[in-house]
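> This structure is in structure tokens; I'll ask about it shortly.
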Amino acid sequence: MMKTRTARRIIVLILIIAPLTAVAQLYKIPTDNISILFAGDLMQHKRQLQEARTEDGEYSYSGYYRHIAKTIKSADISVANLETPIGKSNFGGYPVFCAPDSFLYAAKDAGFNTFLFANNHCLDRGKKGVLHTLAMLDSLGVYHCGVYRNAKEREERYPLLIKKGGMRIAILNYTYALNGHKIPEPIVINLIDKSVMAKDIAKAKNMNADVIIACMHWGEEYLSIPPAHVKETADWLLEQGVDHIIGNHPHVIQPIEVRSSDNRPGRNAVVYSTGNLVSDMAVRKTDGGIMVRIGLKKIMNFTLLRSLEYLYTWISPRMENGKRDFTILPAATTVIEGDNNAESKLKLFLEDSRKLMKKHNSGEGISEFTIDTVRWSR
């Protein structure tokens with residue numbers, strides 16, 4: 001059976017993909033290339049809120065992204081999971097999140113142009129929090145999906161279709177739960193429901209999407225290996241026609257797969273969890289994450305996965321002027337000076353992450369990338 005599947009994949013590659021590339025080169029047929037970057041969870045815990053408060057009573061998060069903003073901005077589409085509602089007051093951290101407007105401003109200024117909002121904390125401040133967050137996202141002119149003011153808005157805006165570089169990218173977003181909150185009418189929040197998702201995937205196809213990407217808020221917190229039900233959902237999504245899957249919620253990194261399909265050309269990326277981009281979580285392995293960058297190439301009517309690479313990110317534990325520094329650092333190229341404890345924590349994060357990826361990543365073409373060295377000192 002395995003030999004038969006392998007033979008089918010080879011035939012697909014030989015009869016479809018390779019000739020397309022050769023013909024495109026020979027006859028100078030235009031090809032389109034774009035890159036999409038996916039980051040982990042954007043969280044705001046109580047200590048982050050306290051440290052962000054300035055002397056004039058405002059809140060500043062502008063320093064969070066200074067070492068990675070260039071990388072975020074370099075992608076054609078940069079996506080982050082907004083795991084907190086945005087509010088005008090009544091701010092808070094775990095277990096009921098709410099961040100000020102400046103939290104979202106900082107992420108947008110860093111280069112994120114697409115936000116996922118279907119997650120288990122999106123209703124932490126109820127209907128009022130949802131409406132303010134959506135108003136803020138709209139006012140900033142960024143793409144967003146997963147939560148809607150009403151059914152009509154969802155029908156008009158979902159799936160999220162982004163046109164970039166000659167491609168039509170459809171982005172889907174669903175969450176496993178809402179922390180027990182009941183959805184207030186007429187708000188609509190995308191939950192993981194196969195009957196609903198099947199219709200959404202069919203709609204994305206009817207929109208002539210070149211690529212369909214499902215962003216899933218799923219799984220179990222702190223588990224480095226996705227549970228069986230998550231893998232089953234991933235299999236189902238690919239069978240329905242989703243091209244790539246990006247997961248979050250576990251708050252730790254989980255493995256990456258690049259799969260080949262028996263019934264269609266190209267390869268499919270499955271990233272089970274990107275971990276945390278920024279938070280104040282202290283459990284081992286939660287102090288960082290990965291930013292995943294996928295490259296897509298469109299040749300005639302085929303859009304192929306050209307590359308898949310990831311950057312390890314780590315959240316600084318530095319204290320400066322009596323305050324905790326939550327700056328996001330490029331983990332592999334950060335040099336720590338004068339703080340043995342921080343150096344040990346960074347080393348442990350990288351060792352845990354690389355061991356996991358080496359053992360459990362599967363498929364060809366997955367690679368780690370790095371950026372410029374950052375020197376970190378007390």
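Chain lettering (A, B, ...) mirrors the order of the structure tokens, residue numbering begins at 1 for each chain separately, and ligand numbering begins at 1 in order of display.
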Give me every helix (DSSP H, G or I) residue in region 211-289 of chain A, going by DSSP on the backbone, as a list in words.
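Selecting the helix (DSSP H, G or I) positions of region 211-289 of chain A gives Ala228, His229, Val230, Lys231, Glu232, Thr233, Ala234, Asp235, Trp236, Leu237, Leu238, Glu239 and Gln240 of chain A.
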> How would you write, as a PyMOL selection string, the set of residues in region 38-133 of chain A that DSSP gives as strand (DSSP E or B)?
chain A and resi 38-42+53+59+77-82+86+92+98-99+114-116
> Got time to write the residues from that selection, N, CA and C atoms, as a CSV table (one decimal), in the first residue's frame?

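Result saved to again.csv:
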chain,number,residue,atom,x,y,z
A,38,PHE,N,3.3,33.7,9.9
A,38,PHE,CA,2.3,33.5,11.0
A,38,PHE,C,3.1,33.5,12.3
A,39,ALA,N,2.6,34.3,13.2
A,39,ALA,CA,3.2,34.4,14.5
A,39,ALA,C,2.3,33.7,15.6
A,40,GLY,N,2.9,33.6,16.8
A,40,GLY,CA,2.1,32.9,17.9
A,40,GLY,C,1.2,33.9,18.6
A,41,ASP,N,0.8,33.5,19.8
A,41,ASP,CA,-0.3,34.3,20.5
A,41,ASP,C,0.2,35.6,21.0
A,42,LEU,N,-0.6,36.7,20.8
A,42,LEU,CA,-0.3,38.0,21.4
A,42,LEU,C,-1.2,38.0,22.6
A,53,ARG,N,2.3,50.7,31.7
A,53,ARG,CA,1.8,52.0,32.2
A,53,ARG,C,2.9,53.0,32.3
A,59,TYR,N,-0.5,53.7,28.2
A,59,TYR,CA,0.2,52.4,28.1
A,59,TYR,C,1.0,52.3,26.8
A,77,ILE,N,2.1,39.1,3.7
A,77,ILE,CA,1.0,39.0,4.6
A,77,ILE,C,1.6,38.5,5.9
A,78,SER,N,1.3,39.3,7.0
A,78,SER,CA,1.8,38.9,8.4
A,78,SER,C,0.6,38.7,9.3
A,79,VAL,N,0.5,37.5,9.9
A,79,VAL,CA,-0.7,37.1,10.6
A,79,VAL,C,-0.3,36.9,12.1
A,80,ALA,N,-1.2,37.4,13.0
A,80,ALA,CA,-1.0,37.1,14.4
A,80,ALA,C,-2.3,36.7,15.1
A,81,ASN,N,-2.3,35.9,16.1
A,81,ASN,CA,-3.5,35.6,16.9
A,81,ASN,C,-3.6,36.6,18.0
A,82,LEU,N,-4.7,37.4,18.0
A,82,LEU,CA,-4.9,38.4,19.0
A,82,LEU,C,-5.7,37.8,20.1
A,86,ILE,N,-9.7,44.1,23.0
A,86,ILE,CA,-9.2,45.5,23.2
A,86,ILE,C,-10.3,46.3,23.8
A,92,GLY,N,-7.3,44.1,32.0
A,92,GLY,CA,-6.9,43.0,32.9
A,92,GLY,C,-6.1,41.9,32.2
A,98,CYS,N,-8.1,41.9,28.8
A,98,CYS,CA,-8.5,43.1,28.1
A,98,CYS,C,-7.3,44.0,28.1
A,99,ALA,N,-6.9,44.5,26.9
A,99,ALA,CA,-5.8,45.3,26.6
A,99,ALA,C,-6.2,46.7,26.1
A,114,THR,N,-2.7,41.3,9.5
A,114,THR,CA,-3.8,40.4,9.5
A,114,THR,C,-3.9,39.8,10.9
A,115,PHE,N,-5.1,39.9,11.5
A,115,PHE,CA,-5.3,39.4,12.9
A,115,PHE,C,-6.4,38.3,13.0
A,116,LEU,N,-6.1,37.3,13.7
A,116,LEU,CA,-7.1,36.2,14.0
A,116,LEU,C,-7.7,36.6,15.4
> If we count only C-alpha atoms, what is near Gly87 (chain A) at a cut-off of 8 Å, once residues fewer than 5 positions away on the same chain are taken out, given as a ChimeraX atom specification?
/A:98-101,129,132-133
> If I take CA of Val142 (chain A) and CA of Gln240 (chain A), how far is one from the other in Å, to one decimal?
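Value for the CA of Val142 (chain A)-CA of Gln240 (chain A) distance: 28.2 Å.
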> Please list as a list in words every residue within 6 Å of Asn173 (chain A), counting only C-alpha atoms and excluding residues in the same chain fewer than 4 positions away.
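So, after excluding close chain neighbours, the residues are Gly146, Ala214, Cys215 and Met216 of chain A.
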> Kindly save the residues from that selection, with N, CA and C atoms included, as a PDB file, in the first residue's frame.

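Produced file result-v9.pdb, reproduced below:
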ATOM      1  N   GLY A 146     -12.724  35.735  11.980  1.00  0.00           N
ATOM      2  CA  GLY A 146     -13.071  34.824  13.065  1.00  0.00           C
ATOM      3  C   GLY A 146     -14.233  35.271  13.908  1.00  0.00           C
ATOM      4  N   ALA A 214      -6.333  27.395   6.802  1.00  0.00           N
ATOM      5  CA  ALA A 214      -7.160  27.319   8.002  1.00  0.00           C
ATOM      6  C   ALA A 214      -6.309  27.605   9.226  1.00  0.00           C
ATOM      7  N   CYS A 215      -6.693  28.623   9.991  1.00  0.00           N
ATOM      8  CA  CYS A 215      -5.993  28.984  11.224  1.00  0.00           C
ATOM      9  C   CYS A 215      -6.855  28.513  12.398  1.00  0.00           C
ATOM     10  N   MET A 216      -6.340  27.541  13.124  1.00  0.00           N
ATOM     11  CA  MET A 216      -7.143  26.811  14.106  1.00  0.00           C
ATOM     12  C   MET A 216      -6.682  27.093  15.535  1.00  0.00           C
TER      13      MET A 216
END
> Considering only C-alpha atoms, state which residue in the set A:Ala52, A:Met207, A:Met136, A:Val130 is at the smallest distance from Arg324 (chain A).
A:Ala52
> If you count only C-alpha atoms, which residues fall within 6 Å of region 255-261 of chain A, apart from same-chain ones fewer than 5 positions away, as a list in words?
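Answer for this query is Arg267, Asn268, Ala269, Val270, Val271, Met357, His360, Asn361, Ser362 and Gly363 of chain A.
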> Give me the region 148-262 of chain A side of the contact with region 337-354 of chain A, cut-off 12 Å, one line per residue showing its nearest atom pair and distance in Å at one decimal, counting only C-alpha atoms, sorted by chain and residue number, as JSON lines.

{"residue": "A:Ser224", "atom": "CA", "partner": "A:Ser353", "partner_atom": "CA", "distance": 9.2}
{"residue": "A:Ile225", "atom": "CA", "partner": "A:Ser353", "partner_atom": "CA", "distance": 11.8}
{"residue": "A:Val252", "atom": "CA", "partner": "A:Ser353", "partner_atom": "CA", "distance": 9.1}
{"residue": "A:Ile253", "atom": "CA", "partner": "A:Ser353", "partner_atom": "CA", "distance": 7.0}
{"residue": "A:Gln254", "atom": "CA", "partner": "A:Ser353", "partner_atom": "CA", "distance": 8.6}
{"residue": "A:Pro255", "atom": "CA", "partner": "A:Ser353", "partner_atom": "CA", "distance": 9.3}
{"residue": "A:Ile256", "atom": "CA", "partner": "A:Ser353", "partner_atom": "CA", "distance": 11.8}
> Near Ser367 (chain A), within 8 Å and counting only C-alpha atoms, which residues show up once chain neighbours fewer than 6 positions away are dropped, as a PyMOL selection string?
chain A and resi 308-310
> Under the rule that only C-alpha atoms are counted, which of A:Leu137, A:Leu161, A:Val374, A:Val211 is the nearest residue to Thr303 (chain A)?
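Smallest distance to Thr303 (chain A) is found for A:Val211.
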> Excluding same-chain residues fewer than 5 positions from Leu140 (chain A), what lies within 12 Å of it counting only C-alpha atoms, as a list of chain:residue names?
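Counting only the stated atoms, we get A:Asp101, A:Ser102, A:Leu104, A:Tyr105, A:Ala106, A:Ala107, A:Lys108, A:Asp109, A:Gly111, A:Phe112, A:Asn113, A:Thr114, A:Phe115, A:Thr133, A:Leu134, A:Ala135.
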> Please report the interatomic distance between CA of Ala198 (chain A) and CA of His244 (chain A) in Å with one decimal.
15.2 Å
> In terms of the shortest atom-to-atom distance over only C-alpha atoms, which of A:Tyr148, A:Tyr312, A:Phe91, A:Tyr158 is closest to Glu185 (chain A)?
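Looking only at the distances to Glu185 (chain A), the closest residue turns out to be A:Tyr148.
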> Rounded to one decimal, what separation in Å do you get between CA of Gly288 (chain A) and CA of Arg306 (chain A)?
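Those two atoms sit 26.2 Å apart.
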> Taking only C-alpha atoms into account, which of A:Ala118, A:Leu123, A:Leu311, A:Ala204 comes nearest Trp218 (chain A)?
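With only C-alpha atoms as the atom set, the closest residue is A:Ala118.
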> Give the answer as one residue: which of A:Lys128, A:His67, A:Lys203, A:Arg157 has the shortest atom-to-atom distance to Trp314 (chain A), using only C-alpha atoms?
A:His67
